[in-house]
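Visitor: For reference, this is final-v2.tsv, and it has TSV, C-alpha atoms.
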```tsv
chain	number	residue	atom	x	y	z
A	244	LYS	CA	-3.90	18.16	40.53
A	245	ALA	CA	-3.63	15.05	38.36
A	246	GLY	CA	-4.54	15.38	34.71
A	247	VAL	CA	-6.88	13.32	32.59
A	248	THR	CA	-5.85	9.69	32.48
A	249	GLN	CA	-6.74	7.13	29.84
A	250	THR	CA	-6.29	3.39	29.85
A	251	PRO	CA	-4.99	1.47	28.13
A	252	ARG	CA	-2.53	3.62	26.19
A	253	TYR	CA	-2.16	1.14	23.36
A	254	LEU	CA	-4.44	-1.60	22.12
A	255	ILE	CA	-4.40	-4.02	19.20
A	256	LYS	CA	-7.62	-5.73	18.23
A	257	THR	CA	-8.90	-7.84	15.37
A	258	ARG	CA	-11.75	-6.95	13.04
A	259	GLY	CA	-15.09	-7.96	14.48
A	260	GLN	CA	-13.99	-7.74	18.10
A	261	GLN	CA	-15.17	-5.13	20.55
A	262	VAL	CA	-13.15	-2.81	22.76
A	263	THR	CA	-13.68	-0.72	25.88
A	264	LEU	CA	-11.60	2.35	26.63
A	265	SER	CA	-11.52	4.13	29.97
A	266	CYS	CA	-11.09	7.76	30.95
A	267	SER	CA	-10.67	9.33	34.38
A	268	PRO	CA	-11.27	13.09	34.34
A	269	ILE	CA	-9.54	15.73	36.37
A	270	SER	CA	-10.83	15.71	39.92
A	271	GLY	CA	-13.92	17.89	40.16
A	272	HIS	CA	-14.63	17.84	36.44
A	273	ARG	CA	-18.06	16.51	35.62
A	274	SER	CA	-18.04	16.66	31.83
A	275	VAL	CA	-16.22	14.10	29.72
A	276	SER	CA	-16.00	14.28	25.94
A	277	TRP	CA	-14.57	11.72	23.55
A	278	TYR	CA	-12.86	12.42	20.23
A	279	GLN	CA	-11.42	10.27	17.48
A	280	GLN	CA	-8.23	11.45	15.81
A	281	THR	CA	-7.00	10.08	12.49
A	282	PRO	CA	-4.51	11.50	9.97
A	283	GLY	CA	-7.22	11.66	7.32
A	284	GLN	CA	-10.19	13.03	9.27
A	285	GLY	CA	-8.43	14.92	12.03
A	286	LEU	CA	-10.14	15.34	15.40
A	287	GLN	CA	-13.81	14.41	15.38
A	288	PHE	CA	-16.27	14.65	18.25
A	289	LEU	CA	-17.83	11.38	19.35
A	290	PHE	CA	-19.98	12.23	22.38
A	291	GLU	CA	-20.07	14.12	25.65
A	292	TYR	CA	-21.32	13.07	29.07
A	293	PHE	CA	-22.27	15.18	32.02
A	294	SER	CA	-23.59	13.80	35.29
A	295	GLU	CA	-23.98	10.34	33.76
A	296	THR	CA	-26.10	11.66	30.87
A	297	GLN	CA	-25.12	11.94	27.24
A	298	ARG	CA	-25.59	15.60	26.32
A	299	ASN	CA	-24.11	15.70	22.83
A	300	LYS	CA	-23.41	13.17	20.14
A	301	GLY	CA	-21.37	13.36	16.96
A	302	ASN	CA	-21.95	11.66	13.64
A	303	PHE	CA	-20.65	8.21	14.36
A	304	PRO	CA	-22.45	4.88	13.87
A	305	GLY	CA	-24.20	3.15	16.72
A	306	ARG	CA	-21.23	0.80	17.14
A	307	PHE	CA	-19.69	3.62	19.14
A	308	SER	CA	-21.21	4.03	22.57
A	309	GLY	CA	-20.25	5.38	25.92
A	310	ARG	CA	-21.26	5.84	29.49
A	311	GLN	CA	-20.33	7.81	32.55
A	312	PHE	CA	-20.29	6.66	36.13
A	313	SER	CA	-21.27	8.53	39.27
A	314	ASN	CA	-17.62	9.38	39.97
A	315	SER	CA	-17.44	11.02	36.49
A	316	ARG	CA	-15.19	8.32	35.07
A	317	SER	CA	-16.23	7.42	31.56
A	318	GLU	CA	-15.90	4.49	29.22
A	319	MET	CA	-16.41	4.22	25.51
A	320	ASN	CA	-17.12	1.01	23.68
A	321	VAL	CA	-16.71	0.14	20.05
A	322	SER	CA	-18.36	-3.05	18.87
A	323	THR	CA	-17.73	-5.03	15.69
A	324	LEU	CA	-14.44	-3.29	15.03
A	325	GLU	CA	-13.52	-2.28	11.49
A	326	LEU	CA	-10.11	-1.46	10.07
A	327	GLY	CA	-11.18	2.17	9.78
A	328	ASP	CA	-11.64	2.39	13.54
A	329	SER	CA	-7.89	2.45	13.95
A	330	ALA	CA	-7.23	5.82	15.52
A	331	LEU	CA	-6.13	7.75	18.56
A	332	TYR	CA	-9.09	8.05	20.92
A	333	LEU	CA	-8.93	11.11	23.11
A	334	CYS	CA	-10.87	11.92	26.18
A	335	ALA	CA	-11.26	15.47	27.48
A	336	SER	CA	-12.74	16.75	30.70
A	337	SER	CA	-14.07	20.10	31.82
A	338	LEU	CA	-15.93	21.54	34.77
A	339	GLY	CA	-19.24	21.41	32.98
A	340	GLY	CA	-20.33	24.34	30.92
A	341	GLN	CA	-18.82	25.60	27.73
A	342	LEU	CA	-15.36	25.87	29.23
A	343	GLU	CA	-11.95	24.78	28.12
A	344	GLN	CA	-11.46	21.05	27.85
A	345	TYR	CA	-8.37	19.29	29.09
A	346	PHE	CA	-7.27	16.28	27.11
A	347	GLY	CA	-5.73	13.02	28.17
A	348	PRO	CA	-2.85	11.36	26.30
A	349	GLY	CA	-5.20	9.16	24.31
A	350	THR	CA	-5.55	5.47	23.60
A	351	ARG	CA	-3.96	4.30	20.36
A	352	LEU	CA	-6.24	1.60	18.89
A	353	THR	CA	-5.01	-0.52	16.02
A	354	VAL	CA	-7.45	-2.85	14.29
A	355	THR	CA	-5.93	-5.64	12.20
B	1085	GLY	CA	5.66	9.25	18.45
B	1086	GLU	CA	2.75	8.89	16.10
B	1087	SER	CA	2.22	11.56	13.49
B	1088	VAL	CA	-0.83	13.69	14.05
B	1089	GLY	CA	-1.36	14.49	10.42
B	1090	LEU	CA	0.74	13.48	7.48
B	1091	HIS	CA	-0.07	16.36	5.13
B	1092	LEU	CA	-0.63	19.34	7.37
B	1093	PRO	CA	0.37	22.84	6.27
B	1094	THR	CA	3.65	23.74	7.89
B	1095	LEU	CA	4.84	27.07	9.20
B	1096	SER	CA	8.62	27.28	9.56
B	1097	VAL	CA	10.08	30.04	11.70
B	1098	GLN	CA	13.41	30.96	13.22
B	1099	GLU	CA	13.83	30.81	16.96
B	1100	GLY	CA	13.07	34.19	18.43
B	1101	ASP	CA	10.75	35.29	15.63
B	1102	ASN	CA	7.04	35.80	16.09
B	1103	SER	CA	4.68	33.17	14.66
B	1104	ILE	CA	1.19	33.68	13.35
B	1105	ILE	CA	-1.05	30.67	12.79
B	1106	ASN	CA	-4.33	31.25	11.01
B	1107	CYS	CA	-7.63	29.43	11.08
B	1108	ALA	CA	-10.97	29.88	9.34
B	1109	TYR	CA	-14.23	28.68	10.84
B	1110	SER	CA	-17.44	28.11	8.99
B	1111	ASN	CA	-20.32	28.79	11.34
B	1112	SER	CA	-21.19	32.36	12.21
B	1113	ALA	CA	-23.23	31.12	15.18
B	1114	SER	CA	-20.17	29.73	16.97
B	1115	ASP	CA	-19.58	31.68	20.16
B	1116	TYR	CA	-16.55	30.01	21.66
B	1117	PHE	CA	-13.11	29.44	20.17
B	1118	ILE	CA	-10.05	27.70	21.49
B	1119	TRP	CA	-6.49	26.92	20.47
B	1120	TYR	CA	-4.70	23.69	21.29
B	1121	LYS	CA	-1.11	22.54	20.88
B	1122	GLN	CA	-0.38	18.90	20.25
B	1123	GLU	CA	3.08	17.42	20.51
B	1124	SER	CA	3.92	14.07	19.03
B	1125	GLY	CA	2.55	11.22	21.11
B	1126	LYS	CA	0.52	13.46	23.39
B	1127	GLY	CA	-3.02	14.73	23.67
B	1128	PRO	CA	-3.92	18.32	22.75
B	1129	GLN	CA	-2.89	20.89	25.33
B	1130	PHE	CA	-5.03	23.96	26.00
B	1131	ILE	CA	-3.35	27.24	25.01
B	1132	ILE	CA	-5.93	30.00	25.05
B	1133	ASP	CA	-9.62	30.58	24.39
B	1134	ILE	CA	-11.82	33.49	23.39
B	1135	ARG	CA	-15.54	34.16	23.31
B	1136	SER	CA	-17.34	35.84	20.45
B	1137	ASN	CA	-17.95	39.03	22.42
B	1138	MET	CA	-14.21	39.73	22.32
B	1139	ASP	CA	-11.84	40.32	19.41
B	1140	LYS	CA	-8.54	39.89	21.22
B	1141	ARG	CA	-7.22	38.04	24.21
B	1142	GLN	CA	-3.67	37.78	25.49
B	1143	GLY	CA	-1.92	35.10	27.45
B	1144	GLN	CA	1.67	34.42	28.26
B	1145	ARG	CA	3.53	34.91	24.94
B	1146	VAL	CA	0.34	34.17	23.02
B	1147	THR	CA	-2.43	36.35	21.62
B	1148	VAL	CA	-5.61	35.19	19.95
B	1149	LEU	CA	-7.40	37.46	17.50
B	1150	LEU	CA	-10.96	36.89	16.38
B	1151	ASN	CA	-12.47	38.51	13.29
B	1152	LYS	CA	-16.12	37.56	13.19
B	1153	THR	CA	-16.77	39.48	9.99
B	1154	VAL	CA	-14.61	37.13	7.95
B	1155	LYS	CA	-14.84	34.19	10.38
B	1156	HIS	CA	-11.12	34.12	10.99
B	1157	LEU	CA	-9.08	33.26	14.05
B	1158	SER	CA	-5.35	33.66	14.53
B	1159	LEU	CA	-2.84	32.65	17.14
B	1160	GLN	CA	0.25	34.79	17.60
B	1161	ILE	CA	3.23	33.38	19.46
B	1162	ALA	CA	5.86	35.88	20.51
B	1163	ALA	CA	9.56	35.02	20.56
B	1164	THR	CA	8.99	31.49	19.29
B	1165	GLN	CA	11.06	28.81	20.99
B	1166	PRO	CA	12.04	25.28	19.91
B	1167	GLY	CA	9.63	23.94	22.51
B	1168	ASP	CA	6.79	25.56	20.57
B	1169	SER	CA	7.29	23.08	17.72
B	1170	ALA	CA	4.05	21.11	17.52
B	1171	VAL	CA	0.77	20.89	15.65
B	1172	TYR	CA	-1.67	23.68	16.50
B	1173	PHE	CA	-5.42	23.25	16.24
B	1174	CYS	CA	-8.16	25.81	16.41
B	1175	ALA	CA	-11.61	24.66	17.49
B	1176	ASP	CA	-15.00	26.29	17.83
B	1177	SER	CA	-18.24	25.41	19.50
B	1178	GLY	CA	-19.94	24.59	16.20
B	1179	PRO	CA	-23.42	25.24	14.84
B	1180	SER	CA	-25.39	23.98	17.81
B	1181	GLY	CA	-23.35	25.92	20.33
B	1182	GLY	CA	-23.54	22.72	22.30
B	1183	TYR	CA	-21.67	22.35	25.49
B	1184	ASN	CA	-18.26	20.82	25.07
B	1185	LYS	CA	-18.80	19.78	21.45
B	1186	LEU	CA	-15.83	21.26	19.68
B	1187	ILE	CA	-15.31	21.37	15.91
B	1188	PHE	CA	-11.62	21.16	15.16
B	1189	GLY	CA	-9.68	22.58	12.25
B	1190	ALA	CA	-7.23	20.46	10.32
B	1191	GLY	CA	-4.21	21.80	12.18
B	1192	THR	CA	-0.98	23.60	11.31
B	1193	ARG	CA	2.44	22.21	12.02
B	1194	LEU	CA	4.84	24.76	13.50
B	1195	ALA	CA	8.52	24.02	12.97
B	1196	VAL	CA	10.96	26.20	14.89
B	1197	HIS	CA	14.53	26.27	13.66
B	1198	PRO	CA	17.46	27.35	15.85
```
Could I get this file's structure written as structure tokens?

Guide:
Amino acid sequence: KAGVTQTPRYLIKTRGQQVTLSCSPISGHRSVSWYQQTPGQGLQFLFEYFSETQRNKGNFPGRFSGRQFSNSRSEMNVSTLELGDSALYLCASSLGGQLEQYFGPGTRLTVT
Amino acid sequence: GESVGLHLPTLSVQEGDNSIINCAYSNSASDYFIWYKQESGKGPQFIIDIRSNMDKRQGQRVTVLLNKTVKHLSLQIAATQPGDSAVYFCADSGPSGGYNKLIFGAGTRLAVHP
């Protein structure tokens, strides 16, 4: 069974731009969660989607948004990029309930 | 690969020794705990999980111990191998007990020396 895939793997953007990251969960998994990882703040929860609905949200500004499609694929969008948004963005999928999450390799976003 | 954390605590062990990685959590209402391993340039990899109604769970070469009284979690790795070198994170379900919202610890870097 294929693992979680994320595209693109690397991205360089300029301050003020917006970016869209994509995540394809493991086949059959209906929950997708997004995390931001930085050396200073570690791994922080952004939001979680299940059956196209956002079920949980972390403490990030409204510039961070996401959505989930009917095939469980998910995208996250960051608008008006700031230098501090530079991070590894990780997507994780699970079957649905409070079960173990399986992470993708991440998208490395660099904002200049 | 990219560094996961520049100033993480490091545990150095000899190949073949047992490793114990510790983690403290803050919320007594958390009912689900999980350990992940992250190698450089990769996403976190699931190792083992435990629910709050248990105090010990064993996997292949790994054991997780949960002490709810002092809100402490540990990961024991038997016969540590060079391939175990990575950053290890504990995570818990957090104050809301919300589905799939994990609160991660800062991580511990495990360095295995031959």

Visitor: With a cut-off of 9 Å and counting all atoms listed in the file, select all residues of chain A in contact with chain B and give the selection as a ChimeraX atom specification.

Guide: /A:274-276,280-291,298-301,333-334,336-337,339-349

Visitor: Adding 6 Å on each side of the box along x, y and z that holds all listed atoms of stretch 1161-1176 of chain B, could you give its centre and edge lengths in Å to one decimal, as AutoDock Vina command-line options?

Guide:
```
--center_x -1.5 --center_y 28.4 --center_z 19.1 --size_x 39.0 --size_y 27.0 --size_z 18.9
```

Visitor: Nearest residue to A:Ser308 out of A:Ser265, A:Asn320, A:Ser294, A:Gln260, using all atoms listed in the file?

Guide: A:Asn320

Visitor: Would you compute the distance between atom CA of B:Cys1107 and atom CA of B:Leu1157? Give it in Å to one decimal.

Guide: 5.1 Å

Visitor: Got a sec: who's within 7 Å of A:Arg310, counting only C-alpha atoms, leaving out chain neighbours fewer than 2 positions off, as a PyMOL selection string?

Guide: chain A and resi 295+312+317-319

Visitor: Would you mind listing what lies within 8 Å of B:Glu1123 as a list in words, with all atoms listed in the file counted and same-chain residues fewer than 6 positions away left out?

Guide: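 Everything that qualifies: Ser1169, Ala1170 and Val1171 of chain B.
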
Visitor: So how many Å separate atom CA of A:Val262 and atom CA of A:Tyr278, to one decimal?

Guide: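 Taking atom CA of A:Val262 and atom CA of A:Tyr278, their separation equals 15.4 Å.
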
Visitor: So, counting all atoms listed in the file, which residue among A:Val354, A:Ile269, A:Val321, A:Leu264 is closest to A:Pro251?

Guide: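 Among the listed residues, A:Leu264 lies closest to A:Pro251.
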
Visitor: I'd like to know which of A:Arg258, A:Gln279, A:Arg273, A:Pro268 is closest to A:Thr296, using all atoms listed in the file.

Guide: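 When distances to A:Thr296 are compared using all atoms listed in the file, the smallest one comes from A:Arg273.
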
Visitor: Using all atoms listed in the file, determine which residues lie at most 12 Å from B:Asn1102, disregarding the query and same-chain residues fewer than 2 positions distant; provide the list as a count of residues only.

Guide: 21
